[in-house]
Every structure is written in C-alpha cells, then in structure tokens.
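Novice: Dumping the structure here so I can ask a few things about it.
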Amino acid sequence: MIKNFGFDIILKHKVLTKTQKEYLENLPQKLLQKKVKVFKYDPHGKIIAQKIIQKIQRILPVKVHYMGSSALEISGMKDIDLFIFTNQIKDKYIKKINQILGFKPIKDKWRWKEDGFKITLKITNPNDQKRKEQILFFKILKRNPFLRKKYEEYKSFTNDKTYKEYLYTKMDFFSRVVKIFNKDNQRNFMYLKRIGVAINNSHIRLGPNLHTSQSFCTEKLFKHKKQTLYVTQKITHKYKKNNIHVVIGIVKNGDVLAHKIAQSLSIITNKKVLPISIKKDAKDNFFIKNKELQKLLHNKNILLVDDTIKTGKTFIKVIKSLEKYKAKIVGIAVICARNNIPVSISDTIKFYSFLTQDDYLFSYKKNKCPYCKIKTPLNKNFGFPK
Ligand SMILES: [Zn+2]
C-alpha cells in the first residue's frame, strides 16, 4: 500500500489546488519552459498605473483596482494588473474603454505595453470564487509586511528559472496564504487564541536556529476540558460517515486524542469504535504492544490521529509499521498542521486538521528574523524549549 501512497512525494511537492493544477496543465509547454526574469520593484510602474486609472475614472463611473506585485511594491515580472469589478459586464463600458485605449479587448481583457511594463485591464465579477481568493490574498499581503517580504523572497528564488517554476512557487504561496486566512481556519484559530492555546504575531523560538510568529500548544489545550471536547467533536464529525472501526493515536498526545475521538465516534455512529495506542521503541520503530489488538486490526477501517503534523514523516513511519497488521488507513486527523498539507493527501486517505499554522510562511532563520531585527523580546510561553 505504501508504494502507491505518495505521501512523501506530495509533501515535497508544492501545494496546489485542483483549479491551479488544471490551469497549469492547459498552458502550452513552450510557454512553461521559458526562462523568467524577476525584476526588483520599480516605482515607475505605479505612476503608469495611476495615469491609466485616472484616465478611465474621469470618463466612467467605475473604480479601477490596482493589484499584483507592482501594487504591493515588491519584485515581479513588470506586470501592472488593473481590474474593474462588476456583476454585469456592460457593453457601453467596454465601448468607452475601447475609445479611451484605442483598441478592443480579447475576452474582456485589454493588454498592452508601456515603458517595458505589461499592462492588463480586466472587467470581472468580484464574486466568483477564484477572484474572491485573489482579492483576499492581495488584501492580506497589503497589510502584512512580513508576509509580503516572504513572498518577494520566494519569488526571487525563481529568477532565471522556468516560467513553470515561477508559477508553481507563486501558486503554492497563494494557496498557503488562502488556507491560513480562510474563514474556517481563522474561526478555529480565534477559538484557541481566546484561551491562550494558539498565538500569532508573536516572537517565538521554533528550534535552535529558527524563529516563528505563530504557535500552538497541545498541553495547554488539554487543560481546557470544554474546548478539548469541541475540537474532538469537530474532528469526529469529519469522519462520521467513513465507517471507522478503530482510532489509533500516537503516544502520548495523539493517544489522549484517540481515546476522546473513539468515544465521540461511538456515540454518534451508535457502534463501538475502539481506541488503540501506538508507541515508538528504542530503535524509532512504531509498535502496538497488545497481540490481541494487533489481530483485531485485520481489514478494519482506521483513523490515525496525533496532536500535530509537521512534515508527515512520523505518519509515514506509523503507516509502514501498520502494514503487517493488514489494516486499512482511511483517515489522518490532527489538531494542528504546521504545514499546509493538501486536504486530501491521497485518494484513499482523508486528511483533516482543526487548525493550520504554516511554518513555511511564518518561520525565519534566526539571522533573518524580522522580530529579532526590531529587538522584540521572545515569547517564553510558546515554542522550544518551553
Ligand atoms: Zn527572532
């Protein structure tokens, strides 16, 4: 089973949504293989953009929105992205813009060049899902200078690489940001923040040489009975239709969680769901102690749980060690994902995390840490060592 699982492969790959993948697959190979040049931010782009905006707004009763890297004042491909948001595309607007610019659009898009800048003006519906996410992404980066810096840094890595690499990096960053700031994740984060279990915008030690701005603490959560129950029930509801027979928890926090989830699943599915603990031995291999329980796993549907997931390496090891018991892993659930793992990590395993805190986005090497730079004291309540 593990051979076709592809967990480690997926983790190494960038995180793209289905729509993003489809978009990439439909682009011509020739274009994808082209080398890209990432230019430093050039303030002249802003002047050009403002002139065009004024020209249109003087004649039409619309607001032209200026988005993209030039509007964020970061490195990019010398693109100027302008948008007119409307639910109904009005023919008279298109005619007027044609007059102003002196040429016609291709599929509601006007494209031209000025002083080496590639300008795109698009009339579009702000309520379609893709556009909503794009607007959200822009607003988040606009108000978050650290994230903006990170975005610029990652984009700059793709200078002189292929256009495919450039798009992958951009889209990966985009989907990570959208995942963190989506409504569900924000609501769950606020729920844990209120009781001091999760934190953001802080200065935290993540490892010997790594700092981060956000964190979560399982031990702190487990002290709050009501909130632990709420998180448990959220996880339970995600798997109530998956015919789970056994919940396996990784000792020790995952094990505590497994018992609570098994109990909760038993109640809502009205059948006995068994919790089982899995441990590491001295050689770093995972095992289930009880021989009777090992036999019980044969052909059973398993939900595997732990408090957090970082790279997924622990889960891969656990899955390998469970192979000999011929169990069927149908789900992996955690309270907090420290990385943006795709919602469905394989076709057969359903993944859920109550909270996502993406270390890729929010951590820094000590010597590059923006909080160290402005001499913010470390938050000793979170992180490593406690
Ligand atoms: Zn620091």
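In the structure tokens, each chain is lettered A, B, ... as it comes, each chain's residues begin at 1, and ligands are numbered from 1 in order of appearance.
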Return as a compact mmCIF listing (two decimals) with C-alpha atoms, in the first residue's frame every polymer residue, whether protein, DNA or RNA, with at least one atom no more than 6 Å from an atom of ligand 1; count only C-alpha atoms and all ligand atoms.

Specialist:
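Produced file part_20.txt, reproduced below:
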# COMPACT_ATOMS: atom_id res chain seq x y z
CA HIS A 211 12.06 31.67 14.90
CA LYS A 366 17.41 33.48 13.36
CA CYS A 369 14.11 37.07 11.73
CA TYR A 371 11.29 40.31 15.09
CA CYS A 372 14.94 39.95 16.14

Novice: Within 10 Å of region 161-168 of chain A, counting only C-alpha atoms, which residues qualify if same-chain residues fewer than 2 places away don't, as a short mmCIF file (atom, residue, chain, number, x, y, z; two decimals) with C-alpha atoms, in the first residue's frame?

Specialist:
data_model
loop_
_atom_site.label_atom_id
_atom_site.label_comp_id
_atom_site.auth_asym_id
_atom_site.auth_seq_id
_atom_site.Cartn_x
_atom_site.Cartn_y
_atom_site.Cartn_z
CA HIS A 13 5.75 18.99 -3.95
CA LYS A 14 4.20 22.39 -3.83
CA VAL A 15 0.64 22.70 -2.56
CA LEU A 16 -1.67 23.44 -5.45
CA GLN A 20 -4.48 25.69 -10.18
CA LYS A 21 -3.30 22.29 -11.44
CA LEU A 24 -1.12 24.79 -15.38
CA LEU A 27 -0.78 26.13 -20.60
CA GLN A 29 4.68 23.58 -22.82
CA LYS A 30 6.68 26.11 -24.79
CA LEU A 31 5.50 28.90 -22.51
CA LEU A 32 6.11 26.85 -19.34
CA GLN A 33 9.71 26.12 -20.33
CA LYS A 34 10.56 29.78 -20.96
CA LYS A 35 13.13 31.36 -18.62
CA VAL A 36 11.79 34.13 -16.40
CA LYS A 37 13.33 37.33 -15.18
CA VAL A 38 12.14 38.62 -11.80
CA TYR A 154 10.30 33.18 -2.67
CA LYS A 155 9.52 34.78 -6.00
CA SER A 156 13.11 35.97 -6.27
CA PHE A 157 14.33 32.35 -5.94
CA THR A 158 12.75 31.64 -9.32
CA ASN A 159 14.73 34.30 -11.17
CA LYS A 170 3.56 31.77 -6.78
CA MET A 171 0.55 29.46 -6.69
CA ASP A 172 1.97 27.45 -3.80
CA PHE A 173 2.43 30.64 -1.78
CA PHE A 174 -1.04 31.80 -2.77
#

Novice: Excluding region 116-133 of chain A and its own-chain neighbours fewer than 3 positions away, which residues fall within 10 Å of it when counting only C-alpha atoms? Please give them as JSON, numbers by chain.

Specialist: {"A": [19, 20, 42, 44, 45, 48, 49, 52, 53, 64, 65, 66, 77, 78, 79, 80, 81, 82, 83, 84, 85, 86, 87, 88, 89, 90, 93, 94, 97, 105, 106, 107, 108, 109, 110, 111, 112, 113, 136, 137, 138, 139, 174, 175, 177, 178, 179, 181, 182]}

Novice: Find the residues around Leu192 (chain A) up to 10 Å (only C-alpha atoms counted), leave out those fewer than 4 positions away in its own chain, and share them as a PyMOL selection string.

Specialist: chain A and resi 186-188+196-199+216-217+220-221+227-228+231+355

Novice: If we count only C-alpha atoms, what is near Lys92 (chain A) at a cut-off of 12 Å, once residues fewer than 6 positions away on the same chain are taken out, given as a PDB file with C-alpha atoms, in the first residue's frame?

Specialist:
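Output contents, as saved in part.pdb:
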ATOM      1  CA  ILE A  59     -14.878  59.190 -18.042  1.00  0.00           C
ATOM      2  CA  LEU A  60     -16.562  56.168 -16.455  1.00  0.00           C
ATOM      3  CA  PRO A  61     -18.349  55.938 -13.079  1.00  0.00           C
ATOM      4  CA  ASN A  98     -12.109  50.886 -26.279  1.00  0.00           C
ATOM      5  CA  GLN A  99     -12.342  54.592 -27.104  1.00  0.00           C
TER       6      GLN A  99
END

Novice: For Val273 (chain A), list every protein, DNA or RNA residue within 6 Å, evaluated using only C-alpha atoms, and leave out those in the same chain fewer than 6 positions away; present the list as number ranges by chain.

Specialist: A: 245-246, 262, 266

Novice: If we count only C-alpha atoms and set the cut-off at 7 Å, which residues sit around Asn253 (chain A), ignoring sequence neighbours fewer than 3 positions away in its own chain? Please answer as a VMD selection string.

Specialist: chain A and resid 250 256 to 257 306 to 307

Novice: Write the residues of the selection above to a file with C-alpha atoms, as a CSV table (one decimal), in the first residue's frame.

Specialist:
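Final output, saved to out15.csv:
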chain,number,residue,atom,x,y,z
A,250,ILE,CA,0.4,8.2,18.6
A,256,VAL,CA,-5.1,11.0,24.5
A,257,LEU,CA,-6.9,12.4,21.5
A,306,ASP,CA,-1.9,12.9,16.5
A,307,ASP,CA,-1.9,16.3,18.0

Novice: Taking only region 114-215 of chain A into account, list the residues labelled helix (DSSP H, G or I) by DSSP (computed from the backbone), as a ChimeraX atom specification.

Specialist: /A:129-143,145-157,163-181,183-193

Novice: Counting only C-alpha atoms, which of A:Gly76, A:Gly312, A:Gly383, A:Gly331 gets nearest to Ile248 (chain A)?

Specialist: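 Using only C-alpha atoms, Ile248 (chain A) sits closest to A:Gly331.
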
Novice: Could you work out how far CA of Leu378 (chain A) lies from CA of His203 (chain A), giving the answer in Å with one decimal?

Specialist: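 Interatomic distance, CA of His203 (chain A) to CA of Leu378 (chain A): 5.1 Å.
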
Novice: Can you list, as a VMD selection string, every residue of region 117-339 of chain A that DSSP puts in strand (DSSP E or B)?

Specialist: chain A and resid 117 to 124 162 198 to 199 204 to 207 210 to 212 215 to 216 246 to 250 274 to 280 286 to 287 301 to 309 328 to 337

Novice: Can those selected residues be exported to a file as a PDB file, in the first residue's frame so that it contains C-alpha atoms?

Specialist:
ATOM      1  CA  PHE A 117       5.624  47.261 -18.369  1.00  0.00           C
ATOM      2  CA  LYS A 118       2.989  44.719 -19.384  1.00  0.00           C
ATOM      3  CA  ILE A 119      -0.423  46.137 -18.565  1.00  0.00           C
ATOM      4  CA  THR A 120      -3.621  44.115 -18.226  1.00  0.00           C
ATOM      5  CA  LEU A 121      -7.046  45.642 -17.647  1.00  0.00           C
ATOM      6  CA  LYS A 122      -9.835  43.195 -16.930  1.00  0.00           C
ATOM      7  CA  ILE A 123     -13.568  43.613 -16.293  1.00  0.00           C
ATOM      8  CA  THR A 124     -14.545  40.820 -13.961  1.00  0.00           C
ATOM      9  CA  THR A 162      11.443  28.344 -15.907  1.00  0.00           C
ATOM     10  CA  ALA A 198      -2.742  29.384  19.969  1.00  0.00           C
ATOM     11  CA  ILE A 199      -0.959  32.620  19.130  1.00  0.00           C
ATOM     12  CA  ILE A 204       8.674  32.552  19.252  1.00  0.00           C
ATOM     13  CA  ARG A 205      11.622  30.149  19.189  1.00  0.00           C
ATOM     14  CA  LEU A 206      10.742  27.217  16.928  1.00  0.00           C
ATOM     15  CA  GLY A 207      14.107  25.463  17.015  1.00  0.00           C
ATOM     16  CA  LEU A 210      14.588  29.065  13.809  1.00  0.00           C
ATOM     17  CA  HIS A 211      12.058  31.673  14.902  1.00  0.00           C
ATOM     18  CA  THR A 212       8.373  31.966  14.111  1.00  0.00           C
ATOM     19  CA  SER A 215       2.359  28.741  17.591  1.00  0.00           C
ATOM     20  CA  PHE A 216       0.016  26.229  19.204  1.00  0.00           C
ATOM     21  CA  VAL A 246     -10.521   1.830  15.198  1.00  0.00           C
ATOM     22  CA  VAL A 247      -8.859   5.129  16.119  1.00  0.00           C
ATOM     23  CA  ILE A 248      -5.104   4.768  16.519  1.00  0.00           C
ATOM     24  CA  GLY A 249      -3.305   7.503  18.467  1.00  0.00           C
ATOM     25  CA  ILE A 250       0.425   8.164  18.557  1.00  0.00           C
ATOM     26  CA  LEU A 274     -12.023   1.128  19.578  1.00  0.00           C
ATOM     27  CA  PRO A 275      -9.115   3.389  20.606  1.00  0.00           C
ATOM     28  CA  ILE A 276      -5.620   1.871  20.299  1.00  0.00           C
ATOM     29  CA  SER A 277      -2.240   3.390  21.211  1.00  0.00           C
ATOM     30  CA  ILE A 278       0.856   3.105  19.069  1.00  0.00           C
ATOM     31  CA  LYS A 279       4.331   3.729  20.529  1.00  0.00           C
ATOM     32  CA  LYS A 280       7.897   4.159  19.420  1.00  0.00           C
ATOM     33  CA  PHE A 286       6.323   2.094  15.974  1.00  0.00           C
ATOM     34  CA  PHE A 287       4.510  -0.870  17.518  1.00  0.00           C
ATOM     35  CA  ASN A 301     -11.003   0.947   8.810  1.00  0.00           C
ATOM     36  CA  ILE A 302      -8.520   3.035  10.752  1.00  0.00           C
ATOM     37  CA  LEU A 303      -8.434   6.700  11.657  1.00  0.00           C
ATOM     38  CA  LEU A 304      -4.897   7.699  12.607  1.00  0.00           C
ATOM     39  CA  VAL A 305      -4.527  10.694  14.933  1.00  0.00           C
ATOM     40  CA  ASP A 306      -1.861  12.858  16.507  1.00  0.00           C
ATOM     41  CA  ASP A 307      -1.884  16.323  18.026  1.00  0.00           C
ATOM     42  CA  THR A 308       0.270  17.921  15.305  1.00  0.00           C
ATOM     43  CA  ILE A 309       1.782  17.152  11.917  1.00  0.00           C
ATOM     44  CA  LYS A 328      -6.902  -0.068   6.136  1.00  0.00           C
ATOM     45  CA  ILE A 329      -5.992   3.565   6.878  1.00  0.00           C
ATOM     46  CA  VAL A 330      -8.919   5.716   5.779  1.00  0.00           C
ATOM     47  CA  GLY A 331      -8.142   8.942   7.626  1.00  0.00           C
ATOM     48  CA  ILE A 332      -5.461  11.056   9.247  1.00  0.00           C
ATOM     49  CA  ALA A 333      -6.542  13.781  11.668  1.00  0.00           C
ATOM     50  CA  VAL A 334      -4.592  16.256  13.756  1.00  0.00           C
ATOM     51  CA  ILE A 335      -5.414  19.280  15.870  1.00  0.00           C
ATOM     52  CA  CYS A 336      -2.742  21.453  14.288  1.00  0.00           C
ATOM     53  CA  ALA A 337      -0.924  21.166  10.948  1.00  0.00           C
TER      54      ALA A 337
END

Novice: To one decimal in Å, tell me the separation between CA of Lys271 (chain A) and CA of Ile244 (chain A).

Specialist: 9.8 Å

Novice: Calculate how many Å separate CA of Gln294 (chain A) from CA of Lys272 (chain A), rounding to one decimal.

Specialist: 17.2 Å
